[in-house]
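Below is structure.cif, which holds mmCIF, C-alpha atoms.
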```cif
data_data
loop_
_atom_site.label_atom_id
_atom_site.label_comp_id
_atom_site.auth_asym_id
_atom_site.auth_seq_id
_atom_site.Cartn_x
_atom_site.Cartn_y
_atom_site.Cartn_z
CA GLY A 2 -108.41 -38.30 144.12
CA ASN A 3 -108.54 -41.97 145.16
CA GLY A 4 -111.81 -42.27 147.01
CA ILE A 5 -115.16 -40.94 148.18
CA TRP A 6 -116.15 -40.48 151.81
CA VAL A 7 -119.76 -39.97 152.83
CA VAL A 8 -120.28 -38.05 156.07
CA PRO A 9 -123.75 -38.61 157.59
CA PRO A 10 -125.20 -36.20 160.16
CA PHE A 11 -123.33 -36.04 163.48
CA ARG A 12 -120.21 -37.61 162.03
CA ALA A 13 -116.99 -35.98 160.83
CA VAL A 14 -114.33 -36.48 158.20
CA TRP A 15 -110.65 -36.38 159.07
CA ILE A 16 -108.53 -34.95 156.24
CA PRO A 17 -104.72 -35.06 156.65
CA SER A 18 -102.74 -31.97 155.75
CA ARG A 19 -101.92 -31.25 152.09
CA THR A 20 -104.74 -33.48 150.86
CA GLU A 21 -106.43 -32.06 147.78
CA HIS A 22 -110.17 -32.55 148.13
CA ARG A 23 -113.57 -31.16 147.36
CA ILE A 24 -116.90 -31.22 149.20
CA ARG A 25 -120.30 -31.92 147.65
CA VAL A 26 -123.29 -31.09 149.82
CA SER A 27 -126.64 -32.89 149.73
CA GLY A 28 -129.45 -30.86 151.23
CA HIS A 29 -129.07 -28.39 154.08
CA LEU A 30 -125.68 -28.37 155.76
CA SER A 31 -124.41 -26.98 159.04
CA MET A 32 -120.78 -27.85 159.73
CA ARG A 33 -117.77 -26.80 161.78
CA THR A 34 -114.16 -27.09 160.67
CA LEU A 35 -110.97 -27.25 162.73
CA TYR A 36 -107.57 -26.57 161.16
CA ILE A 37 -104.81 -28.23 163.16
CA ASP A 38 -101.04 -27.89 162.93
CA PRO A 39 -99.80 -31.29 161.66
CA GLY A 40 -97.07 -31.19 164.29
CA GLN A 41 -99.74 -31.38 166.99
CA CYS A 42 -101.42 -34.47 165.54
CA ALA A 43 -99.00 -37.31 166.24
CA GLY A 44 -100.99 -40.55 166.30
CA ALA A 45 -103.89 -39.19 164.25
CA PRO A 46 -105.04 -41.14 161.15
CA GLU A 47 -102.72 -40.83 158.15
CA GLN A 48 -105.51 -41.26 155.58
CA CYS A 49 -108.91 -39.64 155.04
CA CYS A 50 -111.61 -41.33 157.11
CA VAL A 51 -115.11 -40.82 158.46
CA VAL A 52 -115.31 -40.86 162.24
CA SER A 53 -117.91 -40.84 164.97
CA VAL A 54 -118.16 -37.65 166.99
CA SER A 55 -118.74 -38.26 170.68
CA PRO A 56 -121.08 -35.87 172.54
CA LEU A 57 -118.03 -34.53 174.39
CA LEU A 58 -116.06 -33.83 171.20
CA ARG A 59 -119.09 -32.21 169.58
CA GLU A 60 -119.51 -29.73 172.43
CA LEU A 61 -115.77 -29.02 172.53
CA VAL A 62 -115.71 -28.27 168.80
CA LEU A 63 -118.74 -25.97 169.06
CA HIS A 64 -116.96 -24.08 171.84
CA ALA A 65 -113.58 -24.01 170.08
CA VAL A 66 -114.84 -22.38 166.87
CA ASP A 67 -115.98 -19.38 168.92
CA MET A 68 -112.63 -19.01 170.67
CA PRO A 69 -110.16 -16.31 169.56
CA ALA A 70 -107.68 -17.42 166.88
CA LEU A 71 -104.82 -16.56 169.24
CA TYR A 72 -105.01 -17.45 172.91
CA PRO A 73 -102.41 -17.41 175.70
CA LEU A 74 -100.49 -20.53 176.66
CA GLY A 75 -101.67 -22.09 179.89
CA SER A 76 -105.15 -20.60 179.41
CA PRO A 77 -108.49 -22.44 179.59
CA GLU A 78 -108.61 -22.22 175.78
CA GLU A 79 -105.34 -24.13 175.46
CA ARG A 80 -106.63 -26.82 177.79
CA ILE A 81 -109.78 -27.20 175.67
CA ILE A 82 -107.67 -27.62 172.53
CA THR A 83 -105.53 -30.20 174.32
CA VAL A 84 -108.63 -32.26 175.16
CA ILE A 85 -109.82 -31.97 171.54
CA LEU A 86 -106.47 -33.30 170.29
CA ASP A 87 -106.69 -36.20 172.77
CA GLN A 88 -110.16 -37.00 171.46
CA ILE A 89 -108.98 -36.87 167.84
CA ARG A 90 -106.18 -39.35 168.53
CA ASP A 91 -108.82 -41.82 169.75
CA LEU A 92 -111.31 -41.42 166.90
CA ASP A 93 -113.70 -44.28 166.10
CA ILE A 94 -113.19 -44.81 162.34
CA LYS A 95 -116.24 -45.88 160.32
CA PRO A 96 -116.17 -47.87 157.02
CA LEU A 97 -117.81 -45.14 154.96
CA ASN A 98 -115.38 -44.78 152.10
CA LEU A 99 -115.41 -45.98 148.51
CA PRO A 100 -112.11 -46.55 146.69
CA ILE A 101 -112.12 -45.25 143.11
CA PRO A 102 -110.48 -47.58 140.56
CA GLU A 103 -107.69 -46.54 138.21
CA ASP A 104 -108.10 -49.35 135.67
CA GLU A 105 -110.24 -48.02 132.81
CA ARG A 106 -112.46 -51.10 132.76
CA LEU A 107 -113.26 -50.81 136.45
CA LYS A 108 -113.63 -47.05 136.14
CA ASN A 109 -116.28 -47.64 133.46
CA ILE A 110 -118.23 -49.76 135.95
CA PHE A 111 -117.75 -47.14 138.66
CA VAL A 112 -119.15 -44.33 136.49
CA GLN A 113 -122.24 -46.32 135.53
CA LEU A 114 -122.95 -47.62 139.03
CA SER A 115 -122.50 -44.12 140.44
CA LYS A 116 -125.31 -42.99 138.17
CA ASN A 117 -127.47 -46.04 138.91
CA PRO A 118 -126.46 -47.87 142.13
CA GLY A 119 -129.46 -50.17 141.68
CA ASP A 120 -127.99 -51.73 138.52
CA LYS A 121 -128.13 -55.50 139.04
CA ARG A 122 -125.80 -56.61 136.25
CA THR A 123 -123.51 -59.49 137.19
CA LEU A 124 -119.75 -59.32 136.82
CA GLU A 125 -120.03 -61.50 133.72
CA GLU A 126 -122.50 -59.02 132.19
CA TRP A 127 -120.20 -56.12 133.08
CA GLY A 128 -117.41 -58.04 131.38
CA ARG A 129 -119.29 -57.98 128.10
CA THR A 130 -119.73 -54.22 128.50
CA THR A 131 -116.10 -53.49 129.35
CA GLY A 132 -114.44 -56.04 127.07
CA ALA A 133 -112.93 -58.12 129.88
CA THR A 134 -113.59 -61.61 131.13
CA ARG A 135 -115.28 -62.27 134.45
CA ARG A 136 -112.03 -63.77 135.74
CA THR A 137 -110.06 -60.66 134.77
CA LEU A 138 -112.51 -58.33 136.48
CA THR A 139 -112.57 -60.52 139.58
CA ARG A 140 -108.78 -60.36 139.78
CA LEU A 141 -108.73 -56.59 139.23
CA PHE A 142 -111.27 -55.92 141.98
CA LYS A 143 -109.26 -57.99 144.44
CA SER A 144 -105.91 -56.45 143.54
CA GLU A 145 -106.97 -52.82 143.05
CA MET A 146 -109.98 -52.40 145.35
CA GLY A 147 -109.01 -54.91 148.00
CA MET A 148 -112.50 -56.42 147.94
CA SER A 149 -114.83 -58.41 145.73
CA PHE A 150 -117.12 -56.80 143.17
CA GLY A 151 -120.13 -57.63 145.34
CA GLN A 152 -118.58 -55.96 148.40
CA TRP A 153 -117.58 -52.90 146.39
CA ARG A 154 -121.04 -52.51 144.82
CA GLN A 155 -122.63 -52.88 148.25
CA GLN A 156 -120.40 -50.06 149.51
CA ILE A 157 -121.68 -47.83 146.70
CA ARG A 158 -125.23 -48.63 147.76
CA ILE A 159 -124.55 -48.04 151.45
CA LEU A 160 -123.03 -44.64 150.81
CA GLU A 161 -125.84 -43.62 148.47
CA SER A 162 -128.44 -44.80 150.99
CA LEU A 163 -126.82 -42.72 153.75
CA ARG A 164 -126.97 -39.63 151.56
CA ARG A 165 -130.62 -40.15 150.70
CA LEU A 166 -131.76 -41.21 154.15
CA ALA A 167 -130.08 -38.11 155.59
CA GLU A 168 -132.43 -36.12 153.33
CA ASP A 169 -135.38 -37.96 154.93
CA GLU A 170 -136.26 -40.06 151.89
CA PRO A 171 -138.46 -43.06 152.82
CA VAL A 172 -136.64 -46.33 153.46
CA THR A 173 -138.92 -48.14 151.01
CA THR A 174 -138.07 -45.75 148.17
CA VAL A 175 -134.35 -45.95 148.86
CA ALA A 176 -134.43 -49.75 149.07
CA ILE A 177 -136.21 -50.24 145.74
CA ASP A 178 -134.11 -47.62 143.93
CA LEU A 179 -130.91 -49.30 145.11
CA GLY A 180 -131.93 -52.66 143.69
CA TYR A 181 -133.20 -54.50 146.77
CA ASP A 182 -136.26 -56.72 146.44
CA SER A 183 -137.84 -55.38 149.62
CA PRO A 184 -137.27 -52.84 152.41
CA SER A 185 -136.55 -55.68 154.83
CA ALA A 186 -133.73 -56.98 152.60
CA PHE A 187 -132.23 -53.49 152.50
CA ILE A 188 -132.56 -52.99 156.27
CA SER A 189 -130.92 -56.38 156.88
CA MET A 190 -127.96 -55.42 154.68
CA PHE A 191 -127.68 -52.00 156.31
CA LYS A 192 -127.68 -53.48 159.82
CA LYS A 193 -125.11 -56.11 158.89
CA ALA A 194 -122.80 -53.47 157.41
CA LEU A 195 -123.20 -50.69 159.99
CA GLY A 196 -124.43 -52.51 163.08
CA ARG A 197 -127.79 -50.71 163.27
CA THR A 198 -130.98 -50.32 161.27
CA PRO A 199 -131.30 -47.01 159.37
CA GLY A 200 -133.57 -45.57 162.06
CA GLN A 201 -131.23 -46.63 164.87
CA TYR A 202 -128.17 -45.37 162.98
CA PHE A 203 -129.40 -41.80 162.62
CA ALA A 204 -130.94 -41.77 166.09
CA ALA A 205 -127.58 -42.84 167.57
CA GLY A 206 -125.86 -39.94 165.84
CA ARG A 207 -128.19 -37.49 167.58
CA ASP A 208 -127.59 -38.87 171.08
#
```
Translate the structure of the given file into structure tokens.
Amino acid sequence: GNGIWVVPPFRAVWIPSRTEHRIRVSGHLSMRTLYIDPGQCAGAPEQCCVVSVSPLLRELVLHAVDMPALYPLGSPEERIITVILDQIRDLDIKPLNLPIPEDERLKNIFVQLSKNPGDKRTLEEWGRTTGATRRTLTRLFKSEMGMSFGQWRQQIRILESLRRLAEDEPVTTVAIDLGYDSPSAFISMFKKALGRTPGQYFAAGRD
């Protein structure tokens, strides 16, 4: 209800118990889900987050989903689950979320940018659309989103690029559609935000 999390291939999303949510799939999907007793997750993240899945955790999850629902205490199955829980407590959280605004003026911007992430309108131009001054919008983004308008819009573009690149769309097409002047400008932004170029990012997930 308060954000969007994009989960690229070979990553996972941690969802705390009693969190109402929905999943939207882009392209072909193969996924595994673990349901864990909240009492067994002390130290796990308290909020939704996207995480890296280590090769060890991936293999453990693939094995665990084929285990019987009930298994004896002290068994090899219990020891596997114990290792999984240890891995979950040490998850590497990735900045792949987008906070959704509550203020109607910001929500108007969110709806339009969601439809067209490549929209290059400045905050002053958005102000004329929403009926607010640039100063007011600047203040609202800082107080409600915890980031500047530029940072927030970039996050929209990053998440949209991950979705499209995961569907094997060309980098050049994605870059131009998202409002970048050239593929190199897009790749530079992507690397600065996520630490790798698009090609390196998806290759790393498959290691």
Could you give me, as a PDB file with C-alpha atoms, in the frame of the given file, the residues within 12 Å of A:Gly196, counting all atoms listed in the file and dropping anything in the same chain fewer than 6 positions from it?
```pdb
ATOM      1  CA  LYS A  95    -116.240 -45.880 160.320  1.00  0.00           C
ATOM      2  CA  PRO A  96    -116.170 -47.870 157.020  1.00  0.00           C
ATOM      3  CA  ILE A 188    -132.560 -52.990 156.270  1.00  0.00           C
ATOM      4  CA  SER A 189    -130.920 -56.380 156.880  1.00  0.00           C
ATOM      5  CA  MET A 190    -127.960 -55.420 154.680  1.00  0.00           C
ATOM      6  CA  TYR A 202    -128.170 -45.370 162.980  1.00  0.00           C
ATOM      7  CA  PHE A 203    -129.400 -41.800 162.620  1.00  0.00           C
ATOM      8  CA  ALA A 205    -127.580 -42.840 167.570  1.00  0.00           C
TER       9      ALA A 205
END
```
### Query
Skipping near chain neighbours, those fewer than 4 positions away, what residues fall within 10 Å of A:Glu78 using all atoms listed in the file, listed as a PyMOL selection string?
chain A and resi 64-65+68-69+71-74+82-83
### Message
So that I can check the surroundings of stretch 135-149 of chain A, please list as number ranges by chain every protein, DNA and RNA residue that reaches within 7 Å of it, counting all atoms listed in the file and ignoring chain neighbours fewer than 2 positions away.
### Response
A: 100, 102, 124-125, 128, 133, 151-153
### Task
Compile the contact shell of A:Arg164 as a list in words: residues with an atom at most 12 Å away, counting only C-alpha atoms, same-chain residues fewer than 3 positions apart removed.
Trp6, Val7, Val8, Pro9, Pro10, Arg25, Val26, Ser27, Gly28, His29, Leu97, Ile157, Arg158, Ile159, Leu160, Glu161, Ala167, Glu168, Asp169, Glu170, Val172, Val175, Pro199 and Phe203 of chain A
### Message
If I take atom CA of A:Cys50 and atom CA of A:Asp104, how far is one from the other in Å, to one decimal?
### Response
23.2 Å
Could I get stretch 38-93 of chain A from the block written out with C-alpha atoms, as a PDB file, in the first residue's frame?
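Output file part.pdb is given in full below:
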```pdb
ATOM      1  CA  ASP A  38       6.607 -18.600  11.260  1.00  0.00           C
ATOM      2  CA  PRO A  39       7.219 -14.997  12.413  1.00  0.00           C
ATOM      3  CA  GLY A  40       8.445 -16.345  15.738  1.00  0.00           C
ATOM      4  CA  GLN A  41      11.375 -17.958  13.929  1.00  0.00           C
ATOM      5  CA  CYS A  42      12.482 -14.744  12.208  1.00  0.00           C
ATOM      6  CA  ALA A  43      13.975 -12.618  14.972  1.00  0.00           C
ATOM      7  CA  GLY A  44      16.417 -10.181  13.375  1.00  0.00           C
ATOM      8  CA  ALA A  45      14.846 -10.370   9.911  1.00  0.00           C
ATOM      9  CA  PRO A  46      13.878  -7.106   8.145  1.00  0.00           C
ATOM     10  CA  GLU A  47      10.740  -5.444   9.514  1.00  0.00           C
ATOM     11  CA  GLN A  48       9.764  -3.868   6.181  1.00  0.00           C
ATOM     12  CA  CYS A  49       9.355  -5.176   2.628  1.00  0.00           C
ATOM     13  CA  CYS A  50      12.659  -5.208   0.767  1.00  0.00           C
ATOM     14  CA  VAL A  51      14.383  -6.698  -2.259  1.00  0.00           C
ATOM     15  CA  VAL A  52      17.392  -8.839  -1.419  1.00  0.00           C
ATOM     16  CA  SER A  53      20.212 -10.634  -3.162  1.00  0.00           C
ATOM     17  CA  VAL A  54      20.020 -14.415  -3.142  1.00  0.00           C
ATOM     18  CA  SER A  55      23.381 -16.072  -2.632  1.00  0.00           C
ATOM     19  CA  PRO A  56      24.107 -19.282  -4.582  1.00  0.00           C
ATOM     20  CA  LEU A  57      23.938 -21.179  -1.272  1.00  0.00           C
ATOM     21  CA  LEU A  58      20.528 -19.752  -0.319  1.00  0.00           C
ATOM     22  CA  ARG A  59      19.184 -20.418  -3.814  1.00  0.00           C
ATOM     23  CA  GLU A  60      20.092 -24.103  -3.655  1.00  0.00           C
ATOM     24  CA  LEU A  61      18.740 -24.420  -0.114  1.00  0.00           C
ATOM     25  CA  VAL A  62      15.402 -22.894  -1.149  1.00  0.00           C
ATOM     26  CA  LEU A  63      15.129 -25.183  -4.180  1.00  0.00           C
ATOM     27  CA  HIS A  64      15.713 -28.157  -1.892  1.00  0.00           C
ATOM     28  CA  ALA A  65      13.378 -26.927   0.854  1.00  0.00           C
ATOM     29  CA  VAL A  66      10.316 -26.535  -1.372  1.00  0.00           C
ATOM     30  CA  ASP A  67      10.505 -30.250  -2.177  1.00  0.00           C
ATOM     31  CA  MET A  68      10.722 -31.265   1.479  1.00  0.00           C
ATOM     32  CA  PRO A  69       7.648 -32.624   3.288  1.00  0.00           C
ATOM     33  CA  ALA A  70       5.523 -29.979   5.031  1.00  0.00           C
ATOM     34  CA  LEU A  71       6.077 -31.781   8.341  1.00  0.00           C
ATOM     35  CA  TYR A  72       9.478 -33.163   9.249  1.00  0.00           C
ATOM     36  CA  PRO A  73      10.896 -34.569  12.496  1.00  0.00           C
ATOM     37  CA  LEU A  74      12.891 -32.401  14.873  1.00  0.00           C
ATOM     38  CA  GLY A  75      16.602 -33.071  14.770  1.00  0.00           C
ATOM     39  CA  SER A  76      16.343 -34.309  11.174  1.00  0.00           C
ATOM     40  CA  PRO A  77      18.450 -33.197   8.192  1.00  0.00           C
ATOM     41  CA  GLU A  78      15.407 -31.216   7.016  1.00  0.00           C
ATOM     42  CA  GLU A  79      15.350 -29.188  10.233  1.00  0.00           C
ATOM     43  CA  ARG A  80      19.041 -28.437   9.881  1.00  0.00           C
ATOM     44  CA  ILE A  81      18.481 -27.188   6.313  1.00  0.00           C
ATOM     45  CA  ILE A  82      15.710 -24.869   7.511  1.00  0.00           C
ATOM     46  CA  THR A  83      17.980 -23.598  10.291  1.00  0.00           C
ATOM     47  CA  VAL A  84      20.649 -22.660   7.737  1.00  0.00           C
ATOM     48  CA  ILE A  85      18.015 -20.933   5.576  1.00  0.00           C
ATOM     49  CA  LEU A  86      16.882 -18.854   8.562  1.00  0.00           C
ATOM     50  CA  ASP A  87      20.510 -17.915   9.296  1.00  0.00           C
ATOM     51  CA  GLN A  88      20.912 -16.809   5.683  1.00  0.00           C
ATOM     52  CA  ILE A  89      17.708 -14.745   5.813  1.00  0.00           C
ATOM     53  CA  ARG A  90      18.888 -12.873   8.907  1.00  0.00           C
ATOM     54  CA  ASP A  91      21.965 -11.788   6.939  1.00  0.00           C
ATOM     55  CA  LEU A  92      20.218 -10.697   3.735  1.00  0.00           C
ATOM     56  CA  ASP A  93      21.878  -8.109   1.485  1.00  0.00           C
TER      57      ASP A  93
END
```
